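Coordinates as given in protein-v8.pdb (PDB, C-alpha atoms):
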```pdb
ATOM      1  CA  MET A   9      21.056   5.945  -5.033  1.00  0.00           C
ATOM      2  CA  ILE A  10      19.832   9.110  -6.750  1.00  0.00           C
ATOM      3  CA  LEU A  11      17.267  11.196  -4.869  1.00  0.00           C
ATOM      4  CA  LEU A  12      15.116  13.132  -7.316  1.00  0.00           C
ATOM      5  CA  ASP A  13      14.102  16.741  -6.753  1.00  0.00           C
ATOM      6  CA  THR A  14      10.961  18.242  -8.263  1.00  0.00           C
ATOM      7  CA  ALA A  15      12.470  20.191 -11.161  1.00  0.00           C
ATOM      8  CA  PRO A  16      14.134  17.228 -12.923  1.00  0.00           C
ATOM      9  CA  LEU A  17      11.066  15.048 -12.426  1.00  0.00           C
ATOM     10  CA  VAL A  18       8.738  17.679 -13.865  1.00  0.00           C
ATOM     11  CA  ALA A  19      11.196  18.419 -16.677  1.00  0.00           C
ATOM     12  CA  LEU A  20      11.214  14.743 -17.683  1.00  0.00           C
ATOM     13  CA  CYS A  21       7.423  14.796 -17.970  1.00  0.00           C
ATOM     14  CA  ASP A  22       7.103  17.927 -20.103  1.00  0.00           C
ATOM     15  CA  GLU A  23       8.978  18.406 -23.376  1.00  0.00           C
ATOM     16  CA  ARG A  24       8.155  22.139 -23.242  1.00  0.00           C
ATOM     17  CA  ASP A  25       9.946  22.586 -19.932  1.00  0.00           C
ATOM     18  CA  SER A  26      13.097  24.661 -20.326  1.00  0.00           C
ATOM     19  CA  LEU A  27      15.070  21.955 -18.495  1.00  0.00           C
ATOM     20  CA  HIS A  28      13.671  19.005 -20.472  1.00  0.00           C
ATOM     21  CA  ARG A  29      16.712  18.394 -22.671  1.00  0.00           C
ATOM     22  CA  GLN A  30      19.047  18.864 -19.755  1.00  0.00           C
ATOM     23  CA  ALA A  31      16.998  16.386 -17.717  1.00  0.00           C
ATOM     24  CA  LEU A  32      17.123  13.766 -20.496  1.00  0.00           C
ATOM     25  CA  ALA A  33      20.887  14.138 -20.807  1.00  0.00           C
ATOM     26  CA  ASP A  34      21.323  13.885 -17.047  1.00  0.00           C
ATOM     27  CA  LEU A  35      19.003  10.879 -16.937  1.00  0.00           C
ATOM     28  CA  ASP A  36      21.197   8.903 -19.327  1.00  0.00           C
ATOM     29  CA  ARG A  37      24.171   9.608 -17.105  1.00  0.00           C
ATOM     30  CA  LEU A  38      22.458   8.923 -13.784  1.00  0.00           C
ATOM     31  CA  ALA A  39      19.974   6.134 -14.411  1.00  0.00           C
ATOM     32  CA  ARG A  40      22.517   3.352 -13.859  1.00  0.00           C
ATOM     33  CA  ARG A  41      21.968   3.992 -10.162  1.00  0.00           C
ATOM     34  CA  PRO A  42      18.601   3.403  -8.465  1.00  0.00           C
ATOM     35  CA  LEU A  43      16.323   6.416  -8.800  1.00  0.00           C
ATOM     36  CA  VAL A  44      14.434   7.172  -5.604  1.00  0.00           C
ATOM     37  CA  LEU A  45      11.565   9.558  -4.945  1.00  0.00           C
ATOM     38  CA  CYS A  46      10.314  10.974  -1.657  1.00  0.00           C
ATOM     39  CA  GLN A  47       6.711  11.889  -0.954  1.00  0.00           C
ATOM     40  CA  PRO A  48       7.147  15.701  -0.692  1.00  0.00           C
ATOM     41  CA  VAL A  49       8.777  15.823  -4.126  1.00  0.00           C
ATOM     42  CA  LEU A  50       5.999  13.720  -5.649  1.00  0.00           C
ATOM     43  CA  THR A  51       3.433  16.051  -4.070  1.00  0.00           C
ATOM     44  CA  GLU A  52       5.142  19.137  -5.516  1.00  0.00           C
ATOM     45  CA  ALA A  53       5.344  17.489  -8.919  1.00  0.00           C
ATOM     46  CA  CYS A  54       1.614  16.754  -8.864  1.00  0.00           C
ATOM     47  CA  PHE A  55       0.897  20.416  -8.125  1.00  0.00           C
ATOM     48  CA  LEU A  56       2.890  21.385 -11.195  1.00  0.00           C
ATOM     49  CA  LEU A  57       1.817  18.617 -13.578  1.00  0.00           C
ATOM     50  CA  GLN A  58      -1.785  19.513 -14.185  1.00  0.00           C
ATOM     51  CA  GLY A  59      -4.230  17.482 -16.217  1.00  0.00           C
ATOM     52  CA  ARG A  60      -4.759  13.800 -16.913  1.00  0.00           C
ATOM     53  CA  ALA A  61      -2.128  13.546 -19.624  1.00  0.00           C
ATOM     54  CA  MET A  62       0.640  14.999 -17.463  1.00  0.00           C
ATOM     55  CA  ARG A  63      -0.305  12.786 -14.541  1.00  0.00           C
ATOM     56  CA  ALA A  64      -0.375   9.769 -16.884  1.00  0.00           C
ATOM     57  CA  ARG A  65       3.084  10.708 -18.113  1.00  0.00           C
ATOM     58  CA  LEU A  66       4.292  10.965 -14.533  1.00  0.00           C
ATOM     59  CA  ALA A  67       2.885   7.537 -13.650  1.00  0.00           C
ATOM     60  CA  SER A  68       4.384   5.969 -16.771  1.00  0.00           C
ATOM     61  CA  ILE A  69       7.803   7.492 -16.170  1.00  0.00           C
ATOM     62  CA  LEU A  70       7.848   6.312 -12.554  1.00  0.00           C
ATOM     63  CA  GLU A  71       7.109   2.799 -13.769  1.00  0.00           C
ATOM     64  CA  ALA A  72       9.333   2.738 -16.847  1.00  0.00           C
ATOM     65  CA  LEU A  73      12.377   4.073 -14.997  1.00  0.00           C
ATOM     66  CA  SER A  74      11.666   1.895 -11.943  1.00  0.00           C
ATOM     67  CA  ILE A  75      11.669   4.950  -9.714  1.00  0.00           C
ATOM     68  CA  ARG A  76      10.921   3.656  -6.256  1.00  0.00           C
ATOM     69  CA  PRO A  77       9.750   5.403  -3.110  1.00  0.00           C
ATOM     70  CA  LEU A  78      12.241   6.345  -0.433  1.00  0.00           C
ATOM     71  CA  ALA A  79      11.929   3.853   2.404  1.00  0.00           C
ATOM     72  CA  LEU A  80      12.119   5.390   5.851  1.00  0.00           C
ATOM     73  CA  GLU A  81      12.664   3.380   8.995  1.00  0.00           C
ATOM     74  CA  ASP A  82      11.514   6.156  11.314  1.00  0.00           C
ATOM     75  CA  GLU A  83       9.080   8.432   9.506  1.00  0.00           C
ATOM     76  CA  ALA A  84       8.049  10.421  12.582  1.00  0.00           C
ATOM     77  CA  GLY A  85      11.685  10.941  13.506  1.00  0.00           C
ATOM     78  CA  THR A  86      12.409  12.095   9.965  1.00  0.00           C
ATOM     79  CA  TRP A  87       9.598  14.642  10.120  1.00  0.00           C
ATOM     80  CA  ARG A  88      11.037  16.014  13.356  1.00  0.00           C
ATOM     81  CA  ARG A  89      14.478  16.341  11.815  1.00  0.00           C
ATOM     82  CA  VAL A  90      13.075  18.039   8.709  1.00  0.00           C
ATOM     83  CA  LEU A  91      11.092  20.517  10.794  1.00  0.00           C
ATOM     84  CA  ALA A  92      14.146  21.258  12.949  1.00  0.00           C
ATOM     85  CA  TRP A  93      16.206  21.785   9.778  1.00  0.00           C
ATOM     86  CA  LEU A  94      13.539  24.138   8.362  1.00  0.00           C
ATOM     87  CA  ASP A  95      13.693  26.126  11.589  1.00  0.00           C
ATOM     88  CA  ARG A  96      17.475  26.313  11.416  1.00  0.00           C
ATOM     89  CA  TYR A  97      17.333  27.703   7.874  1.00  0.00           C
ATOM     90  CA  ALA A  98      14.186  29.803   8.415  1.00  0.00           C
ATOM     91  CA  GLU A  99      15.836  33.041   7.273  1.00  0.00           C
ATOM     92  CA  HIS A 100      16.384  31.456   3.842  1.00  0.00           C
ATOM     93  CA  ASP A 101      12.747  30.358   3.604  1.00  0.00           C
ATOM     94  CA  PRO A 102      13.253  26.749   2.487  1.00  0.00           C
ATOM     95  CA  ASP A 103      10.407  24.509   1.393  1.00  0.00           C
ATOM     96  CA  PHE A 104       9.520  21.241   3.086  1.00  0.00           C
ATOM     97  CA  ALA A 105      10.804  19.263   0.099  1.00  0.00           C
ATOM     98  CA  ASP A 106      14.192  21.005   0.404  1.00  0.00           C
ATOM     99  CA  GLY A 107      14.469  19.982   4.030  1.00  0.00           C
ATOM    100  CA  PHE A 108      13.268  16.491   3.311  1.00  0.00           C
ATOM    101  CA  LEU A 109      15.893  15.962   0.610  1.00  0.00           C
ATOM    102  CA  VAL A 110      18.645  17.269   2.886  1.00  0.00           C
ATOM    103  CA  ILE A 111      17.631  14.939   5.716  1.00  0.00           C
ATOM    104  CA  ALA A 112      17.152  12.033   3.287  1.00  0.00           C
ATOM    105  CA  SER A 113      20.658  12.701   2.034  1.00  0.00           C
ATOM    106  CA  ALA A 114      21.896  12.417   5.623  1.00  0.00           C
ATOM    107  CA  LEU A 115      19.961   9.203   6.165  1.00  0.00           C
ATOM    108  CA  GLN A 116      21.225   7.660   2.929  1.00  0.00           C
ATOM    109  CA  ARG A 117      24.889   8.549   3.141  1.00  0.00           C
ATOM    110  CA  ARG A 118      25.769   7.132  -0.277  1.00  0.00           C
ATOM    111  CA  SER A 119      22.954   8.940  -2.047  1.00  0.00           C
ATOM    112  CA  ARG A 120      23.227  11.930  -4.357  1.00  0.00           C
ATOM    113  CA  VAL A 121      20.534  14.524  -4.925  1.00  0.00           C
ATOM    114  CA  TRP A 122      19.521  15.260  -8.527  1.00  0.00           C
ATOM    115  CA  THR A 123      18.412  18.872  -8.373  1.00  0.00           C
ATOM    116  CA  TYR A 124      18.538  22.059 -10.426  1.00  0.00           C
ATOM    117  CA  ASP A 125      18.094  24.206  -7.317  1.00  0.00           C
ATOM    118  CA  SER A 126      21.264  26.247  -6.757  1.00  0.00           C
ATOM    119  CA  GLU A 127      20.610  26.550  -3.031  1.00  0.00           C
ATOM    120  CA  PHE A 128      21.665  22.927  -2.578  1.00  0.00           C
ATOM    121  CA  ARG A 129      25.083  24.039  -3.789  1.00  0.00           C
ATOM    122  CA  THR A 130      25.273  27.438  -2.133  1.00  0.00           C
ATOM    123  CA  THR A 131      23.217  27.350   1.040  1.00  0.00           C
ATOM    124  CA  TRP A 132      21.719  24.088   2.274  1.00  0.00           C
ATOM    125  CA  ARG A 133      23.920  21.880   4.439  1.00  0.00           C
ATOM    126  CA  ARG A 134      23.190  18.695   6.300  1.00  0.00           C
ATOM    127  CA  GLU A 135      22.693  18.784  10.050  1.00  0.00           C
ATOM    128  CA  ASP A 136      26.374  18.065  10.640  1.00  0.00           C
ATOM    129  CA  GLY A 137      27.389  20.963   8.386  1.00  0.00           C
ATOM    130  CA  THR A 138      28.513  18.808   5.457  1.00  0.00           C
ATOM    131  CA  ARG A 139      27.504  19.549   1.893  1.00  0.00           C
ATOM    132  CA  VAL A 140      24.678  17.632   0.272  1.00  0.00           C
ATOM    133  CA  PRO A 141      26.263  15.347  -2.345  1.00  0.00           C
ATOM    134  CA  LEU A 142      24.808  16.298  -5.699  1.00  0.00           C
ATOM    135  CA  ALA A 143      24.372  14.164  -8.779  1.00  0.00           C
ATOM    136  CA  ARG A 144      25.448  16.837 -11.264  1.00  0.00           C
TER     137      ARG A 144
ATOM    138  CA  MET B  17       3.690  -5.369 -47.049  1.00  0.00           C
ATOM    139  CA  ALA B  18       1.048  -6.583 -44.589  1.00  0.00           C
ATOM    140  CA  LEU B  19      -2.350  -5.041 -43.920  1.00  0.00           C
ATOM    141  CA  VAL B  20      -3.982  -4.541 -40.529  1.00  0.00           C
ATOM    142  CA  ASN B  21      -7.770  -4.483 -40.323  1.00  0.00           C
ATOM    143  CA  VAL B  22      -9.341  -2.441 -37.521  1.00  0.00           C
ATOM    144  CA  LYS B  23     -12.997  -2.556 -36.527  1.00  0.00           C
ATOM    145  CA  LEU B  24     -14.378   0.922 -35.913  1.00  0.00           C
ATOM    146  CA  GLN B  25     -17.342   2.237 -33.974  1.00  0.00           C
ATOM    147  CA  PRO B  26     -19.569   4.642 -35.926  1.00  0.00           C
ATOM    148  CA  GLU B  27     -18.097   7.697 -34.166  1.00  0.00           C
ATOM    149  CA  ASP B  28     -14.599   6.597 -35.121  1.00  0.00           C
ATOM    150  CA  VAL B  29     -15.726   6.061 -38.716  1.00  0.00           C
ATOM    151  CA  GLU B  30     -16.807   9.694 -38.662  1.00  0.00           C
ATOM    152  CA  ARG B  31     -13.446  10.751 -37.282  1.00  0.00           C
ATOM    153  CA  VAL B  32     -11.661   8.789 -39.996  1.00  0.00           C
ATOM    154  CA  ARG B  33     -13.769  10.481 -42.633  1.00  0.00           C
ATOM    155  CA  ALA B  34     -12.947  13.912 -41.194  1.00  0.00           C
ATOM    156  CA  LEU B  35      -9.250  13.128 -41.022  1.00  0.00           C
ATOM    157  CA  ARG B  36      -9.191  11.917 -44.628  1.00  0.00           C
ATOM    158  CA  GLU B  37     -10.999  15.060 -45.741  1.00  0.00           C
ATOM    159  CA  SER B  38      -8.344  17.075 -43.933  1.00  0.00           C
ATOM    160  CA  GLY B  39      -5.664  15.320 -45.954  1.00  0.00           C
ATOM    161  CA  VAL B  40      -4.288  13.303 -43.049  1.00  0.00           C
ATOM    162  CA  SER B  41      -2.638   9.986 -43.910  1.00  0.00           C
ATOM    163  CA  LEU B  42      -4.295   7.358 -41.733  1.00  0.00           C
ATOM    164  CA  SER B  43      -1.598   4.843 -42.564  1.00  0.00           C
ATOM    165  CA  GLY B  44       1.008   7.227 -41.205  1.00  0.00           C
ATOM    166  CA  ILE B  45      -0.953   7.704 -37.982  1.00  0.00           C
ATOM    167  CA  VAL B  46      -1.337   3.951 -37.493  1.00  0.00           C
ATOM    168  CA  ARG B  47       2.339   3.245 -38.208  1.00  0.00           C
ATOM    169  CA  ALA B  48       3.450   5.955 -35.765  1.00  0.00           C
ATOM    170  CA  ALA B  49       1.072   4.657 -33.076  1.00  0.00           C
ATOM    171  CA  ILE B  50       2.282   1.082 -33.562  1.00  0.00           C
ATOM    172  CA  ARG B  51       5.923   2.148 -33.296  1.00  0.00           C
ATOM    173  CA  ALA B  52       5.274   4.241 -30.185  1.00  0.00           C
ATOM    174  CA  GLU B  53       3.361   1.463 -28.458  1.00  0.00           C
ATOM    175  CA  TYR B  54       5.977  -1.100 -29.443  1.00  0.00           C
ATOM    176  CA  ASP B  55       8.716   1.091 -28.012  1.00  0.00           C
ATOM    177  CA  ARG B  56       6.675   1.645 -24.851  1.00  0.00           C
ATOM    178  CA  ARG B  57       5.501  -1.901 -24.186  1.00  0.00           C
ATOM    179  CA  VAL B  58       7.665  -4.412 -26.013  1.00  0.00           C
ATOM    180  CA  ARG B  59      11.114  -3.215 -26.962  1.00  0.00           C
ATOM    181  CA  PRO B  60      13.448  -4.111 -24.100  1.00  0.00           C
ATOM    182  CA  SER B  61      14.392  -0.999 -22.181  1.00  0.00           C
ATOM    183  CA  ALA B  62      17.900  -2.346 -21.733  1.00  0.00           C
ATOM    184  CA  THR B  63      18.590  -1.822 -25.420  1.00  0.00           C
ATOM    185  CA  ARG B  64      17.575   1.825 -25.260  1.00  0.00           C
ATOM    186  CA  ARG B  65      18.908   4.795 -23.396  1.00  0.00           C
ATOM    187  CA  PRO B  66      16.600   5.957 -20.571  1.00  0.00           C
ATOM    188  CA  SER B  67      16.099   9.239 -22.423  1.00  0.00           C
ATOM    189  CA  GLN B  68      14.756   7.262 -25.391  1.00  0.00           C
ATOM    190  CA  VAL B  69      12.355   5.422 -23.101  1.00  0.00           C
ATOM    191  CA  VAL B  70      11.069   8.747 -21.772  1.00  0.00           C
ATOM    192  CA  ALA B  71      10.822  10.285 -25.248  1.00  0.00           C
ATOM    193  CA  ALA B  72       8.748   7.312 -26.452  1.00  0.00           C
ATOM    194  CA  LEU B  73       6.480   7.625 -23.432  1.00  0.00           C
ATOM    195  CA  LEU B  74       5.865  11.312 -24.014  1.00  0.00           C
ATOM    196  CA  ALA B  75       5.119  10.652 -27.677  1.00  0.00           C
ATOM    197  CA  SER B  76       2.552   8.036 -26.715  1.00  0.00           C
ATOM    198  CA  ILE B  77       0.760  10.372 -24.274  1.00  0.00           C
ATOM    199  CA  PRO B  78       0.140  13.697 -26.048  1.00  0.00           C
ATOM    200  CA  ALA B  79      -0.108  16.510 -23.535  1.00  0.00           C
ATOM    201  CA  GLY B  80      -2.147  19.031 -25.511  1.00  0.00           C
ATOM    202  CA  PRO B  81      -1.530  22.770 -25.601  1.00  0.00           C
ATOM    203  CA  ARG B  82      -3.108  23.557 -22.213  1.00  0.00           C
ATOM    204  CA  ALA B  83      -1.816  20.583 -20.265  1.00  0.00           C
ATOM    205  CA  ARG B  84       0.439  22.486 -17.901  1.00  0.00           C
ATOM    206  CA  THR B  85      -0.075  26.012 -16.700  1.00  0.00           C
ATOM    207  CA  GLY B  86       2.127  26.110 -13.593  1.00  0.00           C
ATOM    208  CA  PRO B  87       5.399  28.004 -13.190  1.00  0.00           C
ATOM    209  CA  PRO B  88       8.828  26.533 -14.027  1.00  0.00           C
ATOM    210  CA  ALA B  89       9.675  23.950 -11.368  1.00  0.00           C
ATOM    211  CA  SER B  90      13.142  25.446 -11.024  1.00  0.00           C
ATOM    212  CA  ASP B  91      11.716  28.781  -9.835  1.00  0.00           C
ATOM    213  CA  ARG B  92      11.221  27.904  -6.169  1.00  0.00           C
ATOM    214  CA  ARG B  93       9.558  31.185  -5.201  1.00  0.00           C
ATOM    215  CA  ALA B  94       7.099  30.971  -8.081  1.00  0.00           C
ATOM    216  CA  VAL B  95       6.342  27.331  -7.262  1.00  0.00           C
ATOM    217  CA  ARG B  96       5.633  28.215  -3.653  1.00  0.00           C
ATOM    218  CA  ALA B  97       3.317  31.089  -4.643  1.00  0.00           C
ATOM    219  CA  TYR B  98       1.539  28.803  -7.094  1.00  0.00           C
ATOM    220  CA  VAL B  99       1.014  26.026  -4.538  1.00  0.00           C
ATOM    221  CA  VAL B 100      -0.190  28.490  -1.905  1.00  0.00           C
ATOM    222  CA  ALA B 101      -2.643  30.023  -4.370  1.00  0.00           C
ATOM    223  CA  LYS B 102      -3.985  26.584  -5.268  1.00  0.00           C
ATOM    224  CA  LEU B 103      -4.399  25.596  -1.629  1.00  0.00           C
ATOM    225  CA  LYS B 104      -6.164  28.891  -0.872  1.00  0.00           C
ATOM    226  CA  ARG B 105      -8.610  28.187  -3.685  1.00  0.00           C
ATOM    227  CA  ARG B 106      -9.357  24.791  -2.114  1.00  0.00           C
ATOM    228  CA  HIS B 107      -9.502  26.135   1.451  1.00  0.00           C
ATOM    229  CA  PRO B 108     -10.489  29.800   1.264  1.00  0.00           C
TER     230      PRO B 108
END
```
As structure tokens, please, write out the structure in this file.
Amino acid sequence: MILLDTAPLVALCDERDSLHRQALADLDRLARRPLVLCQPVLTEACFLLQGRAMRARLASILEALSIRPLALEDEAGTWRRVLAWLDRYAEHDPDFADGFLVIASALQRRSRVWTYDSEFRTTWRREDGTRVPLAR
Amino acid sequence: MALVNVKLQPEDVERVRALRESGVSLSGIVRAAIRAEYDRRVRPSATRRPSQVVAALLASIPAGPRARTGPPASDRRAVRAYVVAKLKRRHP
């Protein structure tokens, strides 16, 4: 399972994005696995993809690539874990989506996060101190 | 070579006239639109790379020059500032 972060999703939707070509190349490599999206990342993407055309592109890409929502068994428990993680890393000022992806990565142990955010490599760790497995 | 007849509303007739006067090849537009829609709706995705599927989708939904004005998604600080500014506009 590949958990999408905001930057690759937005880059796929906008050919003018500086990461667009990189995202297409990564997509060809990664799309054999199920692509999964969590709500905070979708929310961030909608902030960044303004206008009807961009939102239509987003909807079409979600459908065409069969990107499905992350299923959570215990949503309230997940929120608590994300908020606790945000508190733990408060000095680094993470965003909610960062924390959500880290916790989702812990919940889905065989998942990999597709991100262009270097902090997943350098700074963020799961609650047990292990690295977040990355897709690239 | 086959022909495709298309019924047009008066406003589209006017658009066609303007395009022709601008030197635009209507046949080229129609062929490109047919290919894009075919790639998007009909051609089995399994025979194409995912990047080709996305490229065809983007071609079929033109974004326009002012479609996106936000910061690069990879710049986390800029994204946060942008989201905060948008929320403040909604909830001053």
Write out as an MDAnalysis selection string every residue belonging to chain A that has an atom at most 7 Å from any atom of chain B, counting all atoms listed in the file.
chainID A and resid 14:15 18 32 35:36 55:59 61:62 65 69 124:125
List the neighbours of segment 109-112 of chain A out to 9 Å using all atoms listed in the file; skip same-chain residues closer than 3 positions along the sequence, and give me the result as a count of residues only.
26
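The nearest approach to Ala33 of chain A among the residues A:Leu50, A:Ala67, A:Leu20, A:Leu45, with all atoms listed in the file taken into account, belongs to A:Leu20.
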Any idea what the distance is between atom CA of Arg29 of chain A and atom CA of Pro102 of chain A?
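Straight-line distance from atom CA of Arg29 of chain A to atom CA of Pro102 of chain A works out to 26.7 Å.
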Point-to-point distance in Å for atom CA of Arg120 of chain A and atom CA of Ala72 of chain B
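Interatomic distance, atom CA of Ala72 of chain B to atom CA of Arg120 of chain A: 26.8 Å.
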Mind telling me what the PyMOL selection byres ((chain B and resi 22) around 12) catches here, as a list in words?
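Applied to this file, the PyMOL selection byres ((chain B and resi 22) around 12) selects Leu19, Val20, Asn21, Lys23, Leu24, Gln25, Asp28, Val29, Val32, Leu42, Ser43 and Val46 of chain B.
If you look at atom CA of Gln30 of chain A and atom CA of Ile75 of chain A, they are 18.7 Å away from each other.
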